[in-house]
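Novice: My structure is stored as protein.json, with JSON, C-alpha atoms.
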[["chain", "number", "residue", "atom", "x", "y", "z"],
["R", 1, "MET", "CA", 73.90, 59.61, 133.16],
["R", 2, "ASP", "CA", 76.96, 57.72, 132.04],
["R", 3, "SER", "CA", 80.27, 59.39, 131.57],
["R", 4, "LEU", "CA", 80.12, 59.56, 127.79],
["R", 5, "SER", "CA", 76.70, 61.18, 127.88],
["R", 6, "ARG", "CA", 77.96, 63.75, 130.34],
["R", 7, "ALA", "CA", 80.95, 64.34, 128.12],
["R", 8, "ALA", "CA", 78.72, 64.85, 125.11],
["R", 9, "GLY", "CA", 76.78, 67.48, 127.05],
["R", 10, "GLU", "CA", 79.92, 69.44, 127.77],
["R", 11, "LYS", "CA", 81.32, 71.79, 125.19],
["R", 12, "ALA", "CA", 84.69, 70.22, 125.63],
["R", 13, "ARG", "CA", 87.24, 69.28, 123.06],
["R", 14, "HIS", "CA", 85.70, 67.27, 120.25],
["R", 15, "VAL", "CA", 86.95, 66.64, 116.80],
["R", 16, "ASP", "CA", 84.78, 63.67, 116.08],
["R", 17, "GLY", "CA", 81.72, 63.57, 118.25],
["R", 18, "ILE", "CA", 82.80, 62.95, 121.78],
["R", 19, "TRP", "CA", 86.21, 61.63, 120.85],
["R", 20, "ASP", "CA", 89.43, 63.46, 120.45],
["R", 21, "ASP", "CA", 92.61, 62.46, 118.68],
["R", 22, "ILE", "CA", 96.00, 62.59, 120.32],
["R", 23, "ILE", "CA", 98.75, 64.23, 118.32],
["R", 24, "LEU", "CA", 102.27, 62.90, 118.77],
["R", 25, "MET", "CA", 104.98, 65.53, 118.49],
["R", 26, "ALA", "CA", 108.74, 65.44, 118.94],
["R", 27, "LEU", "CA", 111.76, 67.70, 119.01],
["R", 28, "GLU", "CA", 115.44, 67.07, 118.49],
["R", 29, "PRO", "CA", 118.24, 69.38, 119.66],
["R", 30, "GLY", "CA", 118.89, 70.76, 116.18],
["R", 31, "ALA", "CA", 115.36, 72.15, 116.02],
["R", 32, "VAL", "CA", 115.60, 74.21, 119.20],
["R", 33, "PRO", "CA", 115.32, 77.92, 118.37],
["R", 34, "VAL", "CA", 118.71, 79.54, 118.23],
["R", 35, "PRO", "CA", 119.44, 81.64, 121.31],
["R", 36, "LYS", "CA", 118.98, 85.33, 120.72],
["R", 37, "ASN", "CA", 122.47, 86.24, 121.89],
["R", 38, "PRO", "CA", 124.22, 86.84, 118.54],
["R", 39, "ILE", "CA", 127.68, 86.13, 119.93],
["R", 40, "MET", "CA", 126.58, 82.74, 121.24],
["R", 41, "ASN", "CA", 124.78, 82.10, 117.96],
["R", 42, "ARG", "CA", 127.98, 82.62, 116.07],
["R", 43, "ILE", "CA", 130.14, 80.59, 118.46],
["R", 44, "GLU", "CA", 127.74, 77.65, 118.46],
["R", 45, "ARG", "CA", 127.44, 77.81, 114.68],
["R", 46, "GLN", "CA", 131.20, 77.83, 114.24],
["R", 47, "ALA", "CA", 131.62, 75.03, 116.74],
["R", 48, "ALA", "CA", 128.77, 73.11, 115.12],
["R", 49, "THR", "CA", 127.52, 72.34, 118.62],
["R", 50, "HIS", "CA", 124.08, 73.55, 119.42],
["R", 51, "GLY", "CA", 123.61, 74.25, 123.12],
["R", 52, "LEU", "CA", 127.36, 74.54, 123.69],
["R", 53, "ALA", "CA", 126.96, 77.09, 126.48],
["R", 54, "THR", "CA", 124.41, 74.90, 128.22],
["R", 55, "ILE", "CA", 126.65, 71.87, 127.96],
["R", 56, "LEU", "CA", 129.54, 73.83, 129.48],
["R", 57, "ALA", "CA", 127.32, 75.36, 132.13],
["R", 58, "ASN", "CA", 126.38, 71.88, 133.29],
["R", 59, "LEU", "CA", 130.01, 70.92, 133.93],
["R", 60, "SER", "CA", 131.18, 70.87, 137.51],
["R", 61, "GLY", "CA", 133.30, 73.82, 138.62],
["R", 62, "PRO", "CA", 136.61, 71.90, 138.60],
["R", 63, "ASP", "CA", 135.86, 70.32, 135.21],
["R", 64, "LEU", "CA", 135.02, 73.68, 133.69],
["R", 65, "GLN", "CA", 138.19, 75.16, 135.17],
["R", 66, "SER", "CA", 140.28, 72.31, 133.75],
["R", 67, "LEU", "CA", 138.65, 72.77, 130.37],
["R", 68, "LEU", "CA", 139.29, 76.51, 130.34],
["R", 69, "LEU", "CA", 142.91, 76.01, 131.38],
["R", 70, "GLU", "CA", 143.37, 73.62, 128.48],
["R", 71, "VAL", "CA", 141.72, 76.09, 126.12],
["R", 72, "TYR", "CA", 144.02, 78.88, 127.30],
["R", 73, "ARG", "CA", 147.05, 76.57, 127.06],
["R", 74, "GLN", "CA", 146.27, 75.74, 123.45],
["R", 75, "GLN", "CA", 145.58, 79.36, 122.59],
["R", 76, "ALA", "CA", 148.76, 80.52, 124.29],
["R", 77, "ALA", "CA", 150.82, 77.92, 122.46],
["R", 78, "ARG", "CA", 149.97, 79.39, 119.09],
["R", 79, "ARG", "CA", 150.22, 83.07, 119.92],
["R", 80, "THR", "CA", 153.10, 85.44, 119.63],
["R", 81, "PRO", "CA", 153.75, 88.13, 122.24],
["R", 82, "ALA", "CA", 152.97, 90.76, 119.64],
["R", 83, "ALA", "CA", 149.58, 89.18, 118.91],
["R", 84, "ILE", "CA", 148.71, 89.05, 122.60],
["R", 85, "LEU", "CA", 149.60, 92.69, 123.04],
["R", 86, "ALA", "CA", 147.55, 93.67, 120.01],
["R", 87, "GLU", "CA", 144.58, 91.65, 121.17],
["R", 88, "HIS", "CA", 144.62, 93.21, 124.63],
["R", 89, "SER", "CA", 144.37, 96.64, 123.11],
["R", 90, "ARG", "CA", 141.44, 95.57, 120.89],
["R", 91, "SER", "CA", 139.47, 93.34, 123.26],
["R", 92, "ARG", "CA", 136.49, 94.97, 124.91],
["R", 93, "PHE", "CA", 137.31, 92.97, 128.03],
["R", 94, "THR", "CA", 140.85, 94.28, 128.47],
["R", 95, "ARG", "CA", 141.20, 97.57, 126.65],
["R", 96, "PRO", "CA", 141.42, 100.66, 128.85],
["R", 97, "SER", "CA", 138.16, 102.09, 130.04],
["R", 98, "GLN", "CA", 137.06, 105.40, 128.60],
["R", 99, "GLY", "CA", 135.72, 106.37, 132.02],
["R", 100, "SER", "CA", 137.55, 108.81, 134.23],
["R", 101, "ALA", "CA", 139.69, 107.10, 136.85],
["R", 102, "LYS", "CA", 139.28, 110.16, 139.08],
["R", 103, "ALA", "CA", 135.50, 109.96, 138.81],
["R", 104, "PHE", "CA", 135.55, 106.24, 139.67],
["R", 105, "ALA", "CA", 137.73, 106.94, 142.70],
["R", 106, "SER", "CA", 135.36, 109.67, 143.87],
["R", 107, "LEU", "CA", 132.37, 107.39, 143.40],
["R", 108, "GLU", "CA", 134.11, 104.64, 145.32],
["R", 109, "ARG", "CA", 134.92, 106.97, 148.20],
["R", 110, "LEU", "CA", 131.33, 108.23, 148.24],
["R", 111, "ALA", "CA", 130.03, 104.65, 148.29],
["R", 112, "HIS", "CA", 132.28, 103.77, 151.23],
["R", 113, "GLU", "CA", 131.18, 106.83, 153.16],
["R", 114, "ASN", "CA", 127.52, 105.95, 152.71],
["R", 115, "LEU", "CA", 127.66, 102.25, 153.49],
["R", 116, "PRO", "CA", 125.50, 101.25, 156.48],
["R", 117, "PRO", "CA", 127.58, 100.58, 159.59],
["R", 118, "ASP", "CA", 127.00, 96.82, 159.40],
["R", 119, "PHE", "CA", 128.89, 96.56, 156.11],
["R", 120, "GLU", "CA", 132.56, 95.81, 155.87],
["R", 121, "VAL", "CA", 134.61, 96.68, 152.80],
["R", 122, "LEU", "CA", 136.72, 93.85, 151.44],
["R", 123, "GLU", "CA", 139.52, 94.07, 148.94],
["R", 124, "LEU", "CA", 139.23, 91.21, 146.48],
["R", 125, "SER", "CA", 142.25, 89.58, 144.89],
["R", 126, "PRO", "CA", 143.68, 91.95, 142.33],
["R", 127, "PHE", "CA", 143.44, 91.06, 138.70],
["R", 128, "ALA", "CA", 146.79, 89.52, 137.81],
["R", 129, "LEU", "CA", 148.18, 89.52, 134.32],
["R", 130, "SER", "CA", 150.01, 86.35, 133.43],
["R", 131, "ARG", "CA", 153.05, 88.04, 131.94],
["R", 132, "PRO", "CA", 155.19, 91.13, 132.53],
["R", 133, "VAL", "CA", 153.70, 94.28, 131.12],
["R", 134, "PRO", "CA", 154.91, 97.85, 130.87],
["R", 135, "LEU", "CA", 153.84, 99.88, 133.88],
["R", 136, "SER", "CA", 153.01, 102.91, 131.86],
["R", 137, "PRO", "CA", 149.41, 103.62, 130.74],
["R", 138, "PRO", "CA", 147.26, 101.91, 129.73],
["R", 139, "TRP", "CA", 148.46, 98.75, 131.50],
["R", 140, "ASP", "CA", 148.63, 100.19, 134.98],
["R", 141, "ARG", "CA", 144.88, 100.76, 134.91],
["R", 142, "ILE", "CA", 144.06, 97.12, 134.18],
["R", 143, "GLY", "CA", 145.38, 95.88, 137.47],
["R", 144, "ALA", "CA", 142.98, 97.86, 139.63],
["R", 145, "SER", "CA", 141.04, 95.71, 142.08],
["R", 146, "LEU", "CA", 137.42, 96.32, 142.91],
["R", 147, "PRO", "CA", 136.05, 97.11, 146.35],
["R", 148, "PHE", "CA", 133.30, 94.81, 147.52],
["R", 149, "GLY", "CA", 130.93, 95.35, 150.43],
["R", 150, "ILE", "CA", 129.46, 92.56, 152.50],
["R", 151, "ARG", "CA", 127.11, 92.66, 155.44],
["R", 152, "LYS", "CA", 128.86, 91.68, 158.66],
["N", 1, "MET", "CA", 118.18, 70.91, 141.04],
["N", 2, "LYS", "CA", 121.20, 72.70, 139.68],
["N", 3, "SER", "CA", 120.20, 74.64, 136.62],
["N", 4, "ALA", "CA", 122.19, 76.20, 133.84],
["N", 5, "TYR", "CA", 119.65, 78.95, 133.79],
["N", 6, "PRO", "CA", 119.35, 81.48, 136.58],
["N", 7, "PRO", "CA", 115.86, 82.53, 137.59],
["N", 8, "GLN", "CA", 114.70, 85.14, 135.13],
["N", 9, "LEU", "CA", 112.14, 87.87, 135.35],
["N", 10, "ILE", "CA", 109.86, 88.21, 132.35],
["N", 11, "PRO", "CA", 110.17, 91.86, 131.27],
["N", 12, "SER", "CA", 106.52, 92.28, 130.31],
["N", 13, "LYS", "CA", 105.38, 91.01, 133.70],
["N", 14, "MET", "CA", 107.93, 92.07, 136.21],
["N", 15, "ARG", "CA", 106.51, 89.98, 139.00],
["N", 16, "MET", "CA", 106.77, 86.83, 136.90],
["N", 17, "LEU", "CA", 109.69, 84.52, 137.50],
["N", 18, "ILE", "CA", 110.69, 81.30, 135.77],
["N", 19, "ARG", "CA", 112.82, 79.05, 137.92],
["N", 20, "PRO", "CA", 113.49, 75.38, 138.65],
["N", 21, "PHE", "CA", 110.89, 73.52, 140.69],
["N", 22, "THR", "CA", 111.76, 72.37, 144.19],
["N", 23, "LEU", "CA", 109.77, 70.17, 146.52],
["N", 24, "ALA", "CA", 109.08, 73.25, 148.62],
["N", 25, "ASP", "CA", 106.81, 74.32, 145.74],
["N", 26, "LEU", "CA", 104.61, 71.26, 146.12],
["N", 27, "ALA", "CA", 101.54, 72.94, 147.58],
["N", 28, "SER", "CA", 101.81, 75.94, 145.29],
["N", 29, "PHE", "CA", 102.38, 73.69, 142.26],
["N", 30, "HIS", "CA", 99.36, 71.55, 143.12],
["N", 31, "ARG", "CA", 96.90, 74.42, 142.63],
["N", 32, "PRO", "CA", 97.56, 75.17, 138.95],
["N", 33, "LEU", "CA", 97.86, 71.44, 138.23],
["N", 34, "ASP", "CA", 94.39, 70.94, 139.68],
["N", 35, "ALA", "CA", 92.95, 73.98, 137.92],
["N", 36, "VAL", "CA", 94.26, 72.96, 134.50],
["N", 37, "ALA", "CA", 93.18, 69.34, 135.03],
["N", 38, "ARG", "CA", 89.66, 70.44, 135.93],
["N", 39, "GLU", "CA", 89.34, 72.26, 132.62],
["N", 40, "ARG", "CA", 89.27, 68.74, 131.14],
["N", 41, "ARG", "CA", 90.59, 70.01, 127.86],
["N", 42, "HIS", "CA", 94.35, 69.82, 128.18],
["N", 43, "LEU", "CA", 95.57, 67.08, 130.53],
["N", 44, "ALA", "CA", 94.90, 63.39, 130.84],
["N", 45, "LEU", "CA", 93.68, 64.06, 134.36],
["N", 46, "LEU", "CA", 90.29, 64.97, 135.75],
["N", 47, "GLU", "CA", 91.82, 66.66, 138.75],
["N", 48, "ALA", "CA", 95.16, 66.79, 140.50],
["N", 49, "PRO", "CA", 95.98, 63.73, 142.58],
["N", 50, "PRO", "CA", 95.98, 64.19, 146.37],
["N", 51, "ILE", "CA", 99.02, 66.12, 147.52],
["N", 52, "ALA", "CA", 100.59, 63.05, 149.14],
["N", 53, "ASP", "CA", 100.34, 61.15, 145.84],
["N", 54, "ALA", "CA", 101.64, 64.14, 143.91],
["N", 55, "GLU", "CA", 104.60, 64.37, 146.26],
["N", 56, "ARG", "CA", 105.44, 60.69, 145.75],
["N", 57, "TYR", "CA", 105.19, 61.11, 141.99],
["N", 58, "LEU", "CA", 107.30, 64.25, 141.93],
["N", 59, "CYS", "CA", 109.98, 62.75, 144.20],
["N", 60, "ALA", "CA", 110.18, 59.68, 141.97],
["N", 61, "ALA", "CA", 110.36, 61.85, 138.85],
["N", 62, "LEU", "CA", 113.17, 63.95, 140.30],
["N", 63, "GLU", "CA", 115.08, 60.77, 141.12],
["N", 64, "GLN", "CA", 114.58, 59.67, 137.51],
["N", 65, "GLY", "CA", 116.22, 62.89, 136.33],
["N", 66, "ALA", "CA", 113.08, 64.87, 135.53],
["N", 67, "ILE", "CA", 113.58, 68.53, 134.74],
["N", 68, "ARG", "CA", 110.79, 70.81, 135.90],
["N", 69, "PHE", "CA", 110.51, 74.56, 135.80],
["N", 70, "VAL", "CA", 107.73, 76.64, 137.26],
["N", 71, "ALA", "CA", 106.39, 80.08, 136.39],
["N", 72, "GLU", "CA", 105.81, 82.07, 139.53],
["N", 73, "ASP", "CA", 103.78, 85.23, 139.82],
["N", 74, "ASP", "CA", 104.01, 87.09, 143.08],
["N", 75, "ASP", "CA", 105.25, 83.98, 144.95],
["N", 76, "ARG", "CA", 102.48, 81.85, 143.47],
["N", 77, "VAL", "CA", 103.14, 79.04, 140.98],
["N", 78, "VAL", "CA", 100.96, 79.65, 137.93],
["N", 79, "GLY", "CA", 102.41, 77.15, 135.49],
["N", 80, "TRP", "CA", 104.96, 74.45, 134.92],
["N", 81, "CYS", "CA", 106.84, 72.56, 132.28],
["N", 82, "ASP", "CA", 108.66, 69.28, 132.77],
["N", 83, "VAL", "CA", 110.64, 66.73, 130.82],
["N", 84, "THR", "CA", 110.96, 63.26, 132.29],
["N", 85, "PRO", "CA", 113.45, 60.80, 130.82],
["N", 86, "ARG", "CA", 111.79, 57.61, 129.68],
["N", 87, "GLN", "CA", 112.51, 54.62, 131.86],
["N", 88, "GLU", "CA", 112.28, 51.90, 129.23],
["N", 89, "PRO", "CA", 115.58, 50.20, 128.41],
["N", 90, "GLY", "CA", 117.24, 51.94, 125.49],
["N", 91, "SER", "CA", 115.11, 55.08, 125.82],
["N", 92, "SER", "CA", 116.85, 56.87, 128.63],
["N", 93, "ARG", "CA", 117.94, 59.70, 126.34],
["N", 94, "VAL", "CA", 114.36, 60.38, 125.31],
["N", 95, "GLY", "CA", 112.33, 62.72, 127.46],
["N", 96, "HIS", "CA", 108.59, 63.16, 127.66],
["N", 97, "LEU", "CA", 107.33, 66.70, 128.00],
["N", 98, "GLY", "CA", 104.31, 68.01, 129.84],
["N", 99, "MET", "CA", 103.25, 71.52, 130.72],
["N", 100, "GLY", "CA", 100.39, 73.62, 131.94],
["N", 101, "LEU", "CA", 99.59, 77.23, 132.62],
["N", 102, "LEU", "CA", 96.66, 78.80, 134.41],
["N", 103, "ARG", "CA", 94.12, 80.10, 131.94],
["N", 104, "GLU", "CA", 94.58, 83.76, 132.85],
["N", 105, "TYR", "CA", 98.30, 83.57, 132.09],
["N", 106, "ARG", "CA", 97.99, 82.14, 128.59],
["N", 107, "GLY", "CA", 98.63, 84.08, 125.41],
["N", 108, "GLN", "CA", 101.36, 86.25, 126.93],
["N", 109, "GLY", "CA", 104.47, 84.38, 125.85],
["N", 110, "ILE", "CA", 104.95, 82.77, 129.26],
["N", 111, "GLY", "CA", 104.37, 79.27, 127.90],
["N", 112, "TYR", "CA", 107.04, 79.76, 125.26],
["N", 113, "ARG", "CA", 109.54, 81.00, 127.82],
["N", 114, "ILE", "CA", 109.03, 78.20, 130.29],
["N", 115, "LEU", "CA", 109.07, 75.66, 127.44],
["N", 116, "ASP", "CA", 112.34, 77.15, 126.20],
["N", 117, "TYR", "CA", 113.97, 76.97, 129.63],
["N", 118, "THR", "CA", 112.92, 73.39, 130.17],
["N", 119, "VAL", "CA", 113.86, 72.11, 126.72],
["N", 120, "ARG", "CA", 117.30, 73.72, 126.77],
["N", 121, "GLU", "CA", 117.98, 72.33, 130.21],
["N", 122, "ALA", "CA", 116.86, 68.86, 129.08],
["N", 123, "PHE", "CA", 119.07, 68.84, 126.00],
["N", 124, "GLY", "CA", 121.90, 70.31, 128.05],
["N", 125, "LYS", "CA", 121.65, 67.28, 130.34],
["N", 126, "GLY", "CA", 122.16, 64.91, 127.46],
["N", 127, "LEU", "CA", 118.70, 64.07, 126.16],
["N", 128, "THR", "CA", 118.64, 63.59, 122.41],
["N", 129, "ARG", "CA", 114.91, 63.73, 121.81],
["N", 130, "ILE", "CA", 111.84, 65.14, 123.53],
["N", 131, "ASP", "CA", 108.38, 63.97, 122.67],
["N", 132, "LEU", "CA", 104.90, 64.83, 123.84],
["N", 133, "GLU", "CA", 101.25, 64.06, 123.34],
["N", 134, "VAL", "CA", 98.61, 66.73, 122.93],
["N", 135, "PHE", "CA", 94.88, 66.60, 122.26],
["N", 136, "SER", "CA", 94.14, 67.57, 118.67],
["N", 137, "SER", "CA", 91.55, 70.09, 119.85],
["N", 138, "ASN", "CA", 94.19, 71.94, 121.82],
["N", 139, "GLN", "CA", 95.23, 74.07, 118.88],
["N", 140, "ALA", "CA", 96.84, 76.74, 121.04],
["N", 141, "ALA", "CA", 99.27, 74.22, 122.50],
["N", 142, "ILE", "CA", 99.94, 72.60, 119.13],
["N", 143, "GLY", "CA", 100.68, 76.05, 117.71],
["N", 144, "LEU", "CA", 103.08, 76.78, 120.55],
["N", 145, "TYR", "CA", 104.92, 73.49, 120.08],
["N", 146, "ARG", "CA", 105.16, 73.97, 116.32],
["N", 147, "ARG", "CA", 106.43, 77.53, 116.69],
["N", 148, "TYR", "CA", 109.08, 76.22, 119.01],
["N", 149, "GLY", "CA", 110.24, 73.55, 116.58],
["N", 150, "PHE", "CA", 108.31, 70.40, 117.47],
["N", 151, "THR", "CA", 107.11, 68.40, 114.52],
["N", 152, "ILE", "CA", 104.04, 66.20, 114.28],
["N", 153, "GLU", "CA", 104.97, 62.54, 114.00],
["N", 154, "GLY", "CA", 101.62, 60.90, 114.24],
["N", 155, "ARG", "CA", 98.04, 60.85, 115.36],
["N", 156, "ARG", "CA", 96.23, 58.37, 117.53],
["N", 157, "ARG", "CA", 92.65, 58.61, 116.36],
["N", 158, "LYS", "CA", 89.82, 58.75, 118.87],
["N", 159, "SER", "CA", 92.15, 58.03, 121.73],
["N", 160, "ALA", "CA", 90.41, 60.03, 124.41],
["N", 161, "ALA", "CA", 86.86, 60.75, 125.35],
["N", 162, "CYS", "CA", 86.78, 64.30, 126.53],
["N", 163, "GLY", "CA", 88.52, 63.63, 129.78],
["N", 164, "TRP", "CA", 85.62, 61.89, 131.48],
["N", 165, "ASP", "CA", 86.89, 58.42, 130.88],
["N", 166, "LEU", "CA", 90.57, 59.06, 131.16],
["N", 167, "GLY", "CA", 92.66, 57.59, 133.87]]
Rewrite the coordinates I just gave you, this time as structure tokens.

Specialist:
Amino acid sequence: MDSLSRAAGEKARHVDGIWDDIILMALEPGAVPVPKNPIMNRIERQAATHGLATILANLSGPDLQSLLLEVYRQQAARRTPAAILAEHSRSRFTRPSQGSAKAFASLERLAHENLPPDFEVLELSPFALSRPVPLSPPWDRIGASLPFGIRK
Amino acid sequence: MKSAYPPQLIPSKMRMLIRPFTLADLASFHRPLDAVARERRHLALLEAPPIADAERYLCAALEQGAIRFVAEDDDRVVGWCDVTPRQEPGSSRVGHLGMGLLREYRGQGIGYRILDYTVREAFGKGLTRIDLEVFSSNQAAIGLYRRYGFTIEGRRRKSAACGWDLG
């Protein structure tokens, strides 16, 4: 039995007897479904650069750091101290936590007490603000560093 | 391969992981490749090449900048998707896509997810176009590609004879 006869006996893909067509398809970057993260959607739309996060994520560490420094430099150049202060109180990344500092401290102590003996607690570099700030609440809570456990 | 995308668990199948392919996956990758090829409905292969040949091919593809993700279920590769930049002069920003998924894992959204990872990674690395070829009888795959955004650009009539004479 030759190969075509065997093929005809199989209930394989046919559109025209034993032959099948091959469909040619293509995709360009603009047709990629928009990521579901609405914040990234908006940023990429405003920047008119689809896949912006992916492009940045593919930069080397030093290049990304240089880029971010330049971004911060340009942003800083056009901001007033009052605007920075206002933004810090609005931003979800810098505004004071609604959680209880006492509860966090208790949780931290409890975590330390229950760490296995082969863990060592490290103090990471504290978060440093780039300008003088009042030391009254809420700013004094921003500078708290986080404990971090590593296995010895 | 450094990836912009961390390995991700698929919520509906918590053991399922999509991650970049490494050469350590060779043996595990070979099994679904062979299984899908032997269906003789989806790939231009009758069976997977011998592992040594597959390794040579995969090494060469990685050197050419190929992007390949695998879907892994319980430490077992069950599917893959890859984009290989074309080697012809002037076409280096065009990638060719191929993918496959074991039959029992189809129809669960896994193909879409692995396709999405691979395509985004490919465009993130500078490709400006991805193309593919699919048998016209493979309506499930064509539907997946269209849902994702691929458009049909042409049809090569009677180009393949049911897998038996390919290759």

Novice: Counting only C-alpha atoms, collect the residues of chain N whose closest atom lies at most 10 Å from chain R, and write them out as a PyMOL selection string.

Specialist: chain N and resi 2-5+39-42+94-97+116+119-138+142+145-165

Novice: Please provide as JSON, numbers by chain all residues within 9 Å of Val70 in chain N, with the sequence filter that same-chain residues fewer than 5 positions apart are discarded (counting only C-alpha atoms).

Specialist: {"N": [17, 18, 19, 20, 21, 25, 29, 77, 78, 79, 80, 81, 82, 114]}

Novice: In Å, with one decimal, what is the gap from CA of Met16 in chain N to CA of Tyr105 in chain N?

Specialist: 10.3 Å

Novice: How many Å lie between CA of Glu88 in chain N and CA of His30 in chain N, rounded to one decimal?

Specialist: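 Computed distance, CA of Glu88 in chain N to CA of His30 in chain N, equals 27.3 Å.
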
Novice: Give me, please, the distance in Å between CA of Gly109 in chain N and CA of Arg93 in chain N, quoted to one decimal.

Specialist: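 Going from CA of Gly109 in chain N over to CA of Arg93 in chain N, I get 28.1 Å.
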